[in-house]
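Text of final31.pdb (PDB, C-alpha atoms, pLDDT in the B column) as supplied:
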MODEL        1
ATOM      1  CA  SER B   1    -115.391 -37.232-144.197  1.00 40.00           C
ATOM      2  CA  ARG B   2    -112.457 -34.784-144.185  1.00 41.00           C
ATOM      3  CA  LEU B   3    -110.114 -35.238-141.292  1.00 44.00           C
ATOM      4  CA  VAL B   4    -109.526 -32.129-139.214  1.00 46.00           C
ATOM      5  CA  PRO B   5    -106.011 -31.973-137.848  1.00 48.00           C
ATOM      6  CA  SER B   6    -105.805 -31.858-134.096  1.00 51.00           C
ATOM      7  CA  THR B   7    -104.497 -28.665-132.563  1.00 50.00           C
ATOM      8  CA  GLN B   8    -102.372 -30.841-130.330  1.00 55.00           C
ATOM      9  CA  SER B   9    -100.121 -31.544-133.330  1.00 60.00           C
ATOM     10  CA  LEU B  10     -99.681 -27.811-134.053  1.00 58.00           C
ATOM     11  CA  THR B  11     -97.088 -25.517-132.613  1.00 70.00           C
ATOM     12  CA  PRO B  12     -98.300 -22.775-130.207  1.00 68.00           C
ATOM     13  CA  SER B  13     -97.799 -20.120-132.883  1.00 76.00           C
ATOM     14  CA  ALA B  14     -99.855 -22.140-135.391  1.00 72.00           C
ATOM     15  CA  VAL B  15    -102.649 -22.592-132.842  1.00 71.00           C
ATOM     16  CA  TYR B  16    -102.679 -18.849-132.214  1.00 69.00           C
ATOM     17  CA  ARG B  17    -102.838 -18.088-135.947  1.00 75.00           C
ATOM     18  CA  ALA B  18    -105.718 -20.530-136.389  1.00 73.00           C
ATOM     19  CA  TRP B  19    -107.587 -18.963-133.478  1.00 72.00           C
ATOM     20  CA  MET B  20    -107.038 -15.456-134.860  1.00 76.00           C
ATOM     21  CA  GLU B  21    -108.264 -16.529-138.303  1.00 75.00           C
ATOM     22  CA  ASP B  22    -111.433 -18.112-136.910  1.00 76.00           C
ATOM     23  CA  THR B  23    -112.123 -15.081-134.719  1.00 80.00           C
ATOM     24  CA  PHE B  24    -111.844 -12.557-137.527  1.00 80.00           C
ATOM     25  CA  VAL B  25    -113.776 -14.698-139.992  1.00 81.00           C
ATOM     26  CA  GLU B  26    -116.634 -14.831-137.489  1.00 81.00           C
ATOM     27  CA  ALA B  27    -116.346 -11.086-136.856  1.00 85.00           C
ATOM     28  CA  ALA B  28    -116.505 -10.397-140.592  1.00 85.00           C
ATOM     29  CA  ARG B  29    -119.587 -12.607-140.886  1.00 85.00           C
ATOM     30  CA  CYS B  30    -121.346 -10.763-138.031  1.00 88.00           C
ATOM     31  CA  LEU B  31    -120.472  -7.352-139.463  1.00 90.00           C
ATOM     32  CA  SER B  32    -121.717  -8.359-142.906  1.00 91.00           C
ATOM     33  CA  ALA B  33    -125.005  -9.661-141.468  1.00 90.00           C
ATOM     34  CA  ASP B  34    -125.420  -6.475-139.434  1.00 91.00           C
ATOM     35  CA  GLU B  35    -124.814  -4.301-142.491  1.00 93.00           C
ATOM     36  CA  ASP B  36    -127.337  -6.305-144.531  1.00 94.00           C
ATOM     37  CA  LEU B  37    -129.940  -5.865-141.811  1.00 95.00           C
ATOM     38  CA  ARG B  38    -129.295  -2.133-141.621  1.00 95.00           C
ATOM     39  CA  GLU B  39    -129.817  -1.847-145.363  1.00 96.00           C
ATOM     40  CA  LYS B  40    -133.106  -3.759-145.097  1.00 96.00           C
ATOM     41  CA  ILE B  41    -134.299  -1.467-142.311  1.00 96.00           C
ATOM     42  CA  SER B  42    -133.299   1.600-144.341  1.00 96.00           C
ATOM     43  CA  ARG B  43    -135.263   0.357-147.364  1.00 96.00           C
ATOM     44  CA  LYS B  44    -138.358  -0.259-145.271  1.00 96.00           C
ATOM     45  CA  ASN B  45    -137.914   3.134-143.619  1.00 97.00           C
ATOM     46  CA  LYS B  46    -138.024   4.697-147.094  1.00 96.00           C
ATOM     47  CA  ASP B  47    -141.534   3.243-147.463  1.00 95.00           C
ATOM     48  CA  VAL B  48    -142.516   4.826-144.143  1.00 96.00           C
ATOM     49  CA  GLU B  49    -141.156   8.186-145.308  1.00 96.00           C
ATOM     50  CA  VAL B  50    -143.239   7.977-148.502  1.00 96.00           C
ATOM     51  CA  ALA B  51    -146.386   7.278-146.453  1.00 95.00           C
ATOM     52  CA  LEU B  52    -145.544  10.136-144.079  1.00 96.00           C
ATOM     53  CA  ALA B  53    -145.109  12.505-147.020  1.00 96.00           C
ATOM     54  CA  ALA B  54    -148.705  11.810-148.056  1.00 95.00           C
ATOM     55  CA  VAL B  55    -149.928  12.671-144.548  1.00 95.00           C
ATOM     56  CA  GLN B  56    -147.808  15.822-144.441  1.00 95.00           C
ATOM     57  CA  GLU B  57    -149.388  16.908-147.707  1.00 94.00           C
ATOM     58  CA  LYS B  58    -152.780  16.849-145.966  1.00 92.00           C
ATOM     59  CA  ILE B  59    -151.380  19.048-143.215  1.00 94.00           C
ATOM     60  CA  HIS B  60    -149.830  21.409-145.760  1.00 94.00           C
ATOM     61  CA  GLU B  61    -153.265  22.036-147.260  1.00 93.00           C
ATOM     62  CA  ALA B  62    -154.141  24.036-144.129  1.00 91.00           C
ATOM     63  CA  HIS B  63    -151.629  26.652-145.285  1.00 92.00           C
ATOM     64  CA  PHE B  64    -153.709  27.603-148.317  1.00 91.00           C
ATOM     65  CA  LYS B  65    -157.255  26.324-147.643  1.00 90.00           C
ATOM     66  CA  LEU B  66    -159.393  28.468-145.347  1.00 87.00           C
ATOM     67  CA  GLN B  67    -162.053  25.774-144.904  1.00 86.00           C
ATOM     68  CA  TRP B  68    -159.673  22.972-143.997  1.00 87.00           C
ATOM     69  CA  ALA B  69    -161.338  19.790-142.810  1.00 84.00           C
ATOM     70  CA  ALA B  70    -160.157  16.296-141.977  1.00 81.00           C
ATOM     71  CA  SER B  71    -160.283  14.127-145.110  1.00 83.00           C
ATOM     72  CA  PRO B  72    -161.953  10.687-145.162  1.00 82.00           C
ATOM     73  CA  ASP B  73    -158.684   8.998-146.183  1.00 87.00           C
ATOM     74  CA  GLN B  74    -156.758  10.529-143.291  1.00 89.00           C
ATOM     75  CA  GLU B  75    -157.060   7.463-141.053  1.00 90.00           C
ATOM     76  CA  GLU B  76    -156.100   5.167-143.930  1.00 92.00           C
ATOM     77  CA  LEU B  77    -152.931   7.185-144.590  1.00 93.00           C
ATOM     78  CA  LEU B  78    -151.960   6.932-140.929  1.00 94.00           C
ATOM     79  CA  ARG B  79    -152.651   3.203-141.029  1.00 94.00           C
ATOM     80  CA  LEU B  80    -150.234   2.859-143.966  1.00 95.00           C
ATOM     81  CA  VAL B  81    -147.594   4.631-141.897  1.00 96.00           C
ATOM     82  CA  GLY B  82    -148.238   2.165-139.088  1.00 95.00           C
ATOM     83  CA  LEU B  83    -147.926  -0.779-141.467  1.00 95.00           C
ATOM     84  CA  GLY B  84    -144.542   0.482-142.596  1.00 96.00           C
ATOM     85  CA  ILE B  85    -143.345   0.846-139.003  1.00 96.00           C
ATOM     86  CA  SER B  86    -144.634  -2.649-138.202  1.00 94.00           C
ATOM     87  CA  ALA B  87    -142.669  -4.020-141.163  1.00 95.00           C
ATOM     88  CA  ILE B  88    -139.508  -2.576-139.617  1.00 95.00           C
ATOM     89  CA  ALA B  89    -140.367  -4.117-136.245  1.00 93.00           C
ATOM     90  CA  GLU B  90    -140.728  -7.564-137.810  1.00 93.00           C
ATOM     91  CA  ILE B  91    -137.124  -7.739-139.024  1.00 94.00           C
ATOM     92  CA  ILE B  92    -135.420  -6.351-135.921  1.00 94.00           C
ATOM     93  CA  PRO B  93    -134.183  -9.145-133.634  1.00 92.00           C
ATOM     94  CA  THR B  94    -135.598  -9.262-130.128  1.00 89.00           C
ATOM     95  CA  GLY B  95    -133.611  -7.056-127.770  1.00 89.00           C
ATOM     96  CA  SER B  96    -131.927  -5.103-130.588  1.00 91.00           C
ATOM     97  CA  TYR B  97    -134.363  -2.178-130.818  1.00 93.00           C
ATOM     98  CA  TYR B  98    -131.944   0.514-129.653  1.00 92.00           C
ATOM     99  CA  ARG B  99    -129.138  -0.902-131.758  1.00 92.00           C
ATOM    100  CA  TYR B 100    -131.020   0.114-134.922  1.00 94.00           C
ATOM    101  CA  HIS B 101    -133.212   2.863-133.498  1.00 94.00           C
ATOM    102  CA  ASP B 102    -131.216   5.712-135.054  1.00 93.00           C
ATOM    103  CA  ILE B 103    -132.086   4.463-138.552  1.00 95.00           C
ATOM    104  CA  PHE B 104    -135.825   5.072-138.181  1.00 95.00           C
ATOM    105  CA  ARG B 105    -136.222   7.324-135.145  1.00 94.00           C
ATOM    106  CA  GLY B 106    -136.746  10.345-137.408  1.00 94.00           C
ATOM    107  CA  SER B 107    -139.777   8.653-138.962  1.00 96.00           C
ATOM    108  CA  LEU B 108    -141.222   7.908-135.525  1.00 96.00           C
ATOM    109  CA  SER B 109    -141.051  11.536-134.405  1.00 96.00           C
ATOM    110  CA  VAL B 110    -142.560  12.687-137.721  1.00 97.00           C
ATOM    111  CA  ALA B 111    -145.373  10.145-137.262  1.00 97.00           C
ATOM    112  CA  VAL B 112    -146.104  11.658-133.838  1.00 97.00           C
ATOM    113  CA  TYR B 113    -146.047  15.128-135.383  1.00 96.00           C
ATOM    114  CA  CYS B 114    -148.550  14.085-138.050  1.00 96.00           C
ATOM    115  CA  VAL B 115    -151.024  12.535-135.598  1.00 96.00           C
ATOM    116  CA  VAL B 116    -150.873  15.450-133.142  1.00 95.00           C
ATOM    117  CA  THR B 117    -151.044  18.188-135.803  1.00 95.00           C
ATOM    118  CA  LEU B 118    -154.011  16.548-137.516  1.00 94.00           C
ATOM    119  CA  ARG B 119    -155.780  16.322-134.145  1.00 92.00           C
ATOM    120  CA  PHE B 120    -155.062  20.015-133.518  1.00 92.00           C
ATOM    121  CA  LEU B 121    -156.330  21.097-136.938  1.00 92.00           C
ATOM    122  CA  SER B 122    -159.437  18.932-136.610  1.00 89.00           C
ATOM    123  CA  THR B 123    -160.204  20.520-133.236  1.00 86.00           C
ATOM    124  CA  CYS B 124    -159.669  24.005-134.687  1.00 83.00           C
ATOM    125  CA  SER B 125    -162.080  23.265-137.524  1.00 76.00           C
ATOM    126  CA  ASP B 126    -164.748  22.464-134.902  1.00 68.00           C
ATOM    127  CA  SER B 127    -164.662  26.149-133.818  1.00 60.00           C
ATOM    128  CA  ARG B 128    -164.014  25.388-130.173  1.00 59.00           C
ATOM    129  CA  SER B 129    -161.286  26.184-127.692  1.00 60.00           C
ATOM    130  CA  VAL B 130    -158.060  24.259-128.159  1.00 65.00           C
ATOM    131  CA  GLY B 131    -155.672  23.205-125.410  1.00 63.00           C
ATOM    132  CA  THR B 132    -153.302  20.431-124.525  1.00 62.00           C
ATOM    133  CA  ALA B 133    -156.269  18.542-123.079  1.00 64.00           C
ATOM    134  CA  ASP B 134    -156.758  17.527-126.736  1.00 78.00           C
ATOM    135  CA  LEU B 135    -153.158  16.287-126.935  1.00 89.00           C
ATOM    136  CA  PRO B 136    -153.030  12.585-127.904  1.00 91.00           C
ATOM    137  CA  SER B 137    -151.229  10.417-125.380  1.00 91.00           C
ATOM    138  CA  LEU B 138    -148.453   8.040-126.373  1.00 92.00           C
ATOM    139  CA  SER B 139    -150.875   5.114-126.296  1.00 92.00           C
ATOM    140  CA  GLU B 140    -153.314   7.060-128.499  1.00 93.00           C
ATOM    141  CA  ILE B 141    -150.495   7.666-130.978  1.00 94.00           C
ATOM    142  CA  HIS B 142    -149.930   3.909-131.172  1.00 94.00           C
ATOM    143  CA  ALA B 143    -153.667   3.389-131.670  1.00 93.00           C
ATOM    144  CA  ALA B 144    -153.918   6.043-134.406  1.00 93.00           C
ATOM    145  CA  LEU B 145    -151.107   4.307-136.298  1.00 94.00           C
ATOM    146  CA  ALA B 146    -152.645   0.874-135.617  1.00 92.00           C
ATOM    147  CA  LEU B 147    -149.413  -0.317-133.999  1.00 92.00           C
ATOM    148  CA  THR B 148    -149.775  -3.557-132.092  1.00 85.00           C
ATOM    149  CA  MET B 149    -146.293  -3.285-130.542  1.00 84.00           C
ATOM    150  CA  GLN B 150    -146.483  -1.538-127.170  1.00 77.00           C
ATOM    151  CA  ASP B 151    -143.925   1.158-126.353  1.00 82.00           C
ATOM    152  CA  TRP B 152    -142.474   1.038-129.852  1.00 89.00           C
ATOM    153  CA  ILE B 153    -142.446   4.838-130.012  1.00 94.00           C
ATOM    154  CA  THR B 154    -140.242   6.008-127.156  1.00 93.00           C
ATOM    155  CA  ILE B 155    -141.009   8.984-124.943  1.00 93.00           C
ATOM    156  CA  GLU B 156    -138.084  10.837-126.570  1.00 93.00           C
ATOM    157  CA  ASP B 157    -139.591  10.280-130.038  1.00 95.00           C
ATOM    158  CA  TYR B 158    -142.931  11.494-128.694  1.00 95.00           C
ATOM    159  CA  LEU B 159    -141.482  14.690-127.230  1.00 94.00           C
ATOM    160  CA  LEU B 160    -139.498  15.439-130.396  1.00 94.00           C
ATOM    161  CA  GLY B 161    -142.706  15.043-132.394  1.00 95.00           C
ATOM    162  CA  LEU B 162    -144.435  17.570-130.123  1.00 95.00           C
ATOM    163  CA  CYS B 163    -141.604  20.028-130.743  1.00 94.00           C
ATOM    164  CA  ASN B 164    -142.184  19.607-134.483  1.00 94.00           C
ATOM    165  CA  CYS B 165    -145.879  20.357-133.933  1.00 95.00           C
ATOM    166  CA  SER B 166    -145.101  23.602-132.134  1.00 94.00           C
ATOM    167  CA  ASN B 167    -142.973  24.810-135.027  1.00 94.00           C
ATOM    168  CA  GLU B 168    -145.608  23.869-137.618  1.00 95.00           C
ATOM    169  CA  ILE B 169    -148.400  25.582-135.669  1.00 95.00           C
ATOM    170  CA  ALA B 170    -146.313  28.765-135.466  1.00 95.00           C
ATOM    171  CA  ARG B 171    -145.920  28.689-139.259  1.00 94.00           C
ATOM    172  CA  LEU B 172    -149.626  28.001-139.705  1.00 95.00           C
ATOM    173  CA  CYS B 173    -150.440  30.958-137.471  1.00 93.00           C
ATOM    174  CA  ILE B 174    -149.099  33.358-140.094  1.00 92.00           C
ATOM    175  CA  THR B 175    -150.566  31.683-143.169  1.00 93.00           C
ATOM    176  CA  ARG B 176    -153.984  31.152-141.571  1.00 93.00           C
ATOM    177  CA  VAL B 177    -154.226  34.876-140.767  1.00 92.00           C
ATOM    178  CA  THR B 178    -153.444  35.770-144.375  1.00 91.00           C
ATOM    179  CA  LEU B 179    -156.361  33.523-145.354  1.00 92.00           C
ATOM    180  CA  GLY B 180    -158.677  35.414-142.980  1.00 90.00           C
ATOM    181  CA  ASP B 181    -158.740  32.940-140.080  1.00 91.00           C
ATOM    182  CA  PHE B 182    -158.258  35.478-137.283  1.00 91.00           C
ATOM    183  CA  ALA B 183    -159.296  33.050-134.538  1.00 90.00           C
ATOM    184  CA  PHE B 184    -156.399  30.700-135.262  1.00 92.00           C
ATOM    185  CA  PRO B 185    -153.655  32.709-133.464  1.00 92.00           C
ATOM    186  CA  HIS B 186    -155.630  32.630-130.218  1.00 91.00           C
ATOM    187  CA  LYS B 187    -156.025  28.858-130.403  1.00 91.00           C
ATOM    188  CA  ALA B 188    -152.412  28.395-131.438  1.00 93.00           C
ATOM    189  CA  PHE B 189    -151.160  30.579-128.579  1.00 93.00           C
ATOM    190  CA  GLN B 190    -153.246  28.708-126.033  1.00 92.00           C
ATOM    191  CA  TRP B 191    -152.018  25.317-127.252  1.00 93.00           C
ATOM    192  CA  THR B 192    -148.325  26.168-127.563  1.00 94.00           C
ATOM    193  CA  SER B 193    -148.274  28.056-124.248  1.00 93.00           C
ATOM    194  CA  GLU B 194    -149.703  25.054-122.421  1.00 93.00           C
ATOM    195  CA  LEU B 195    -147.261  22.784-124.241  1.00 94.00           C
ATOM    196  CA  PHE B 196    -144.333  24.999-123.234  1.00 94.00           C
ATOM    197  CA  ALA B 197    -145.531  24.992-119.620  1.00 92.00           C
ATOM    198  CA  GLY B 198    -145.638  21.199-119.694  1.00 91.00           C
ATOM    199  CA  PHE B 199    -142.117  20.925-121.115  1.00 92.00           C
ATOM    200  CA  ARG B 200    -140.808  23.206-118.375  1.00 90.00           C
ATOM    201  CA  LEU B 201    -141.710  20.521-115.844  1.00 90.00           C
ATOM    202  CA  LEU B 202    -139.085  18.241-117.399  1.00 89.00           C
ATOM    203  CA  ASN B 203    -135.383  18.365-116.573  1.00 84.00           C
ATOM    204  CA  PHE B 204    -133.453  18.065-119.818  1.00 81.00           C
ATOM    205  CA  ARG B 205    -129.748  17.559-120.299  1.00 78.00           C
ATOM    206  CA  ASN B 206    -127.912  19.621-122.893  1.00 67.00           C
ATOM    207  CA  ASP B 207    -128.891  17.384-125.814  1.00 79.00           C
ATOM    208  CA  THR B 208    -131.048  17.463-128.941  1.00 85.00           C
ATOM    209  CA  LEU B 209    -134.288  17.377-126.978  1.00 87.00           C
ATOM    210  CA  ARG B 210    -133.194  20.335-124.853  1.00 87.00           C
ATOM    211  CA  ARG B 211    -132.380  22.395-127.934  1.00 87.00           C
ATOM    212  CA  ARG B 212    -135.708  21.518-129.541  1.00 88.00           C
ATOM    213  CA  PHE B 213    -137.517  22.425-126.327  1.00 89.00           C
ATOM    214  CA  ASP B 214    -135.855  25.845-126.374  1.00 89.00           C
ATOM    215  CA  GLY B 215    -137.358  26.328-129.832  1.00 91.00           C
ATOM    216  CA  ILE B 216    -140.904  26.133-128.418  1.00 94.00           C
ATOM    217  CA  LYS B 217    -140.239  29.367-126.526  1.00 92.00           C
ATOM    218  CA  TYR B 218    -139.569  31.156-129.815  1.00 94.00           C
ATOM    219  CA  ASP B 219    -142.646  29.588-131.395  1.00 95.00           C
ATOM    220  CA  VAL B 220    -144.786  31.028-128.600  1.00 95.00           C
ATOM    221  CA  LYS B 221    -143.118  34.410-129.139  1.00 94.00           C
ATOM    222  CA  ARG B 222    -143.845  34.334-132.886  1.00 94.00           C
ATOM    223  CA  ILE B 223    -147.493  33.512-132.270  1.00 95.00           C
ATOM    224  CA  SER B 224    -147.862  36.239-129.618  1.00 94.00           C
ATOM    225  CA  GLU B 225    -146.461  38.770-132.106  1.00 94.00           C
ATOM    226  CA  VAL B 226    -149.167  37.792-134.603  1.00 93.00           C
ATOM    227  CA  GLN B 227    -151.785  38.236-131.883  1.00 91.00           C
ATOM    228  CA  TYR B 228    -150.350  41.646-131.037  1.00 91.00           C
ATOM    229  CA  ASP B 229    -150.471  42.747-134.681  1.00 91.00           C
ATOM    230  CA  LEU B 230    -154.134  41.749-134.879  1.00 91.00           C
ATOM    231  CA  VAL B 231    -154.979  43.634-131.690  1.00 90.00           C
ATOM    232  CA  ILE B 232    -153.304  46.909-132.690  1.00 89.00           C
ATOM    233  CA  ARG B 233    -155.116  46.723-136.024  1.00 87.00           C
ATOM    234  CA  GLY B 234    -158.427  46.260-134.265  1.00 85.00           C
ATOM    235  CA  ILE B 235    -159.037  42.821-135.738  1.00 81.00           C
ATOM    236  CA  SER B 236    -161.039  40.594-133.422  1.00 60.00           C
ATOM    237  CA  GLN B 237    -160.282  36.895-133.170  1.00 50.00           C
ATOM    238  CA  ALA B 238    -163.938  36.311-134.086  1.00 46.00           C
ATOM    239  CA  SER B 239    -163.944  38.650-137.090  1.00 47.00           C
ATOM    240  CA  ALA B 240    -163.883  35.766-139.517  1.00 45.00           C
ATOM    241  CA  ASN B 241    -167.105  34.433-137.994  1.00 47.00           C
ATOM    242  CA  PRO B 242    -169.214  37.168-136.336  1.00 36.00           C
ATOM    243  CA  SER B 243    -171.745  34.653-135.023  1.00 40.00           C
ATOM    244  CA  ALA B 244    -169.020  33.066-132.917  1.00 41.00           C
ATOM    245  CA  GLU B 245    -168.001  36.331-131.223  1.00 38.00           C
ATOM    246  CA  GLY B 246    -169.678  35.517-127.921  1.00 35.00           C
ATOM    247  CA  ALA B 247    -168.185  32.047-127.720  1.00 42.00           C
ATOM    248  CA  ALA B 248    -164.730  33.319-128.665  1.00 41.00           C
ATOM    249  CA  SER B 249    -164.858  36.019-125.992  1.00 35.00           C
ATOM    250  CA  ALA B 250    -165.917  33.455-123.406  1.00 36.00           C
ATOM    251  CA  ASP B 251    -163.030  31.208-124.399  1.00 42.00           C
ATOM    252  CA  LEU B 252    -160.587  34.108-124.101  1.00 34.00           C
ATOM    253  CA  LEU B 253    -161.886  35.018-120.629  1.00 31.00           C
ATOM    254  CA  ASP B 254    -161.729  31.404-119.526  1.00 41.00           C
ATOM    255  CA  SER B 255    -158.111  31.024-120.730  1.00 39.00           C
ATOM    256  CA  HIS B 256    -157.038  33.993-118.622  1.00 35.00           C
ATOM    257  CA  THR B 257    -158.818  32.829-115.457  1.00 33.00           C
ATOM    258  CA  LYS B 258    -157.255  29.344-115.411  1.00 40.00           C
TER     259      LYS B 258
ENDMDL
END

If you convert what's in this file into structure tokens, what do you get?
Amino acid sequence: SRLVPSTQSLTPSAVYRAWMEDTFVEAARCLSADEDLREKISRKNKDVEVALAAVQEKIHEAHFKLQWAASPDQEELLRLVGLGISAIAEIIPTGSYYRYHDIFRGSLSVAVYCVVTLRFLSTCSDSRSVGTADLPSLSEIHAALALTMQDWITIEDYLLGLCNCSNEIARLCITRVTLGDFAFPHKAFQWTSELFAGFRLLNFRNDTLRRRFDGIKYDVKRISEVQYDLVIRGISQASANPSAEGAASADLLDSHTK
């Protein structure tokens, strides 16, 4: 075997140089391993983004299809998203979640947005009143994505996803009216107003979440303007379905008496 010279035979300056060399070689090795892992996570996150794009396409159909309905493959698409997220979880070392969280946190909030928006649209298609009582909880989001890891989606990711939902529903409010769905603005206003009221209970710092929360206020305003335009034009929320006029009026009265 190769003999390793004893540090006792080296001068103090030589010992220091040897220590410095070993330290920086180890640092370079750690940095290289960290960079490799980040690249692996990024590649797997690309797969999650592709799966999310397929789900978002289903949501986008509500912008141009009057009779939108949940598709049979909807749950399978969400499951594929969950599989992609699970693949990321498998390669992250224990205790290092927040070290790499920024790489895939955008996908987590979009996943929340997809689950919540699909639940909202499915409830709307059932022709019944919509409120935040239909809002999936964080544990239900994990279940919808078939995630076995508990608390993988943080509360911040969840809240950012809800902010995305508010913005999408405000956009849908306009396109659904152009399709003839005059009941949609009422449901959208009820849902976003209750969501905004819930967010007001939280005390945010001046960060990204605070700025996104402020955006919900403008989403509610946009939806209320659509409602106002329908009212001054004499268009009832039940005009698209005259048989539902009584139920729609009852829902409206109930929303104002809560």

Taking the file as shown, what set of residues would the PyMOL selection byres ((chain B and resi 215) around 12) give back, as a VMD selection string?
chain B and resid 160 162 to 168 170 192 195 to 196 199 208 to 214 216 to 222

On this file, the PyMOL selection byres ((chain B and resi 75) around 12) gives some set of residues; write that set as an NGL selection string.
:B and (51 or 54-55 or 58 or 70-74 or 76-82 or 114-115 or 118-119 or 143-146)

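Minimum distance to B:Ser109 across B:Thr148, B:Thr154, B:Ser86, B:Asn203 (counting only C-alpha atoms) occurs at B:Thr154.
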
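Comparing B:Ala53, B:Ile153, B:Leu147, B:Leu135 by their smallest distance to B:Tyr98, the closest is B:Ile153 (using only C-alpha atoms).
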
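We find atom CA of B:Ile85 and atom CA of B:Asn45 to be spaced 7.5 Å apart.
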
What do you get, as an NGL selection string, if you spell out every residue that the PyMOL selection byres ((chain B and resi 25-37) around 12) selects here?
:B and (18-24 or 38-44 or 88-93 or 96 or 99-100 or 103)

Mind checking which residues fall within 7 Å of B:Ala69, counting only C-alpha atoms, ignoring those fewer than 2 positions away in the same chain, and posting them as a VMD selection string?
chain B and resid 67 71 122 125

Just-selected residues, C-alpha atoms written as a tab-separated table (two decimals), in the coordinates of the input:
chain	number	residue	atom	x	y	z
B	67	GLN	CA	-162.05	25.77	-144.90
B	71	SER	CA	-160.28	14.13	-145.11
B	122	SER	CA	-159.44	18.93	-136.61
B	125	SER	CA	-162.08	23.26	-137.52

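The gap separating atom CA of B:Asp134 from atom CA of B:Gln150 is 21.7 Å, in Å to one decimal.
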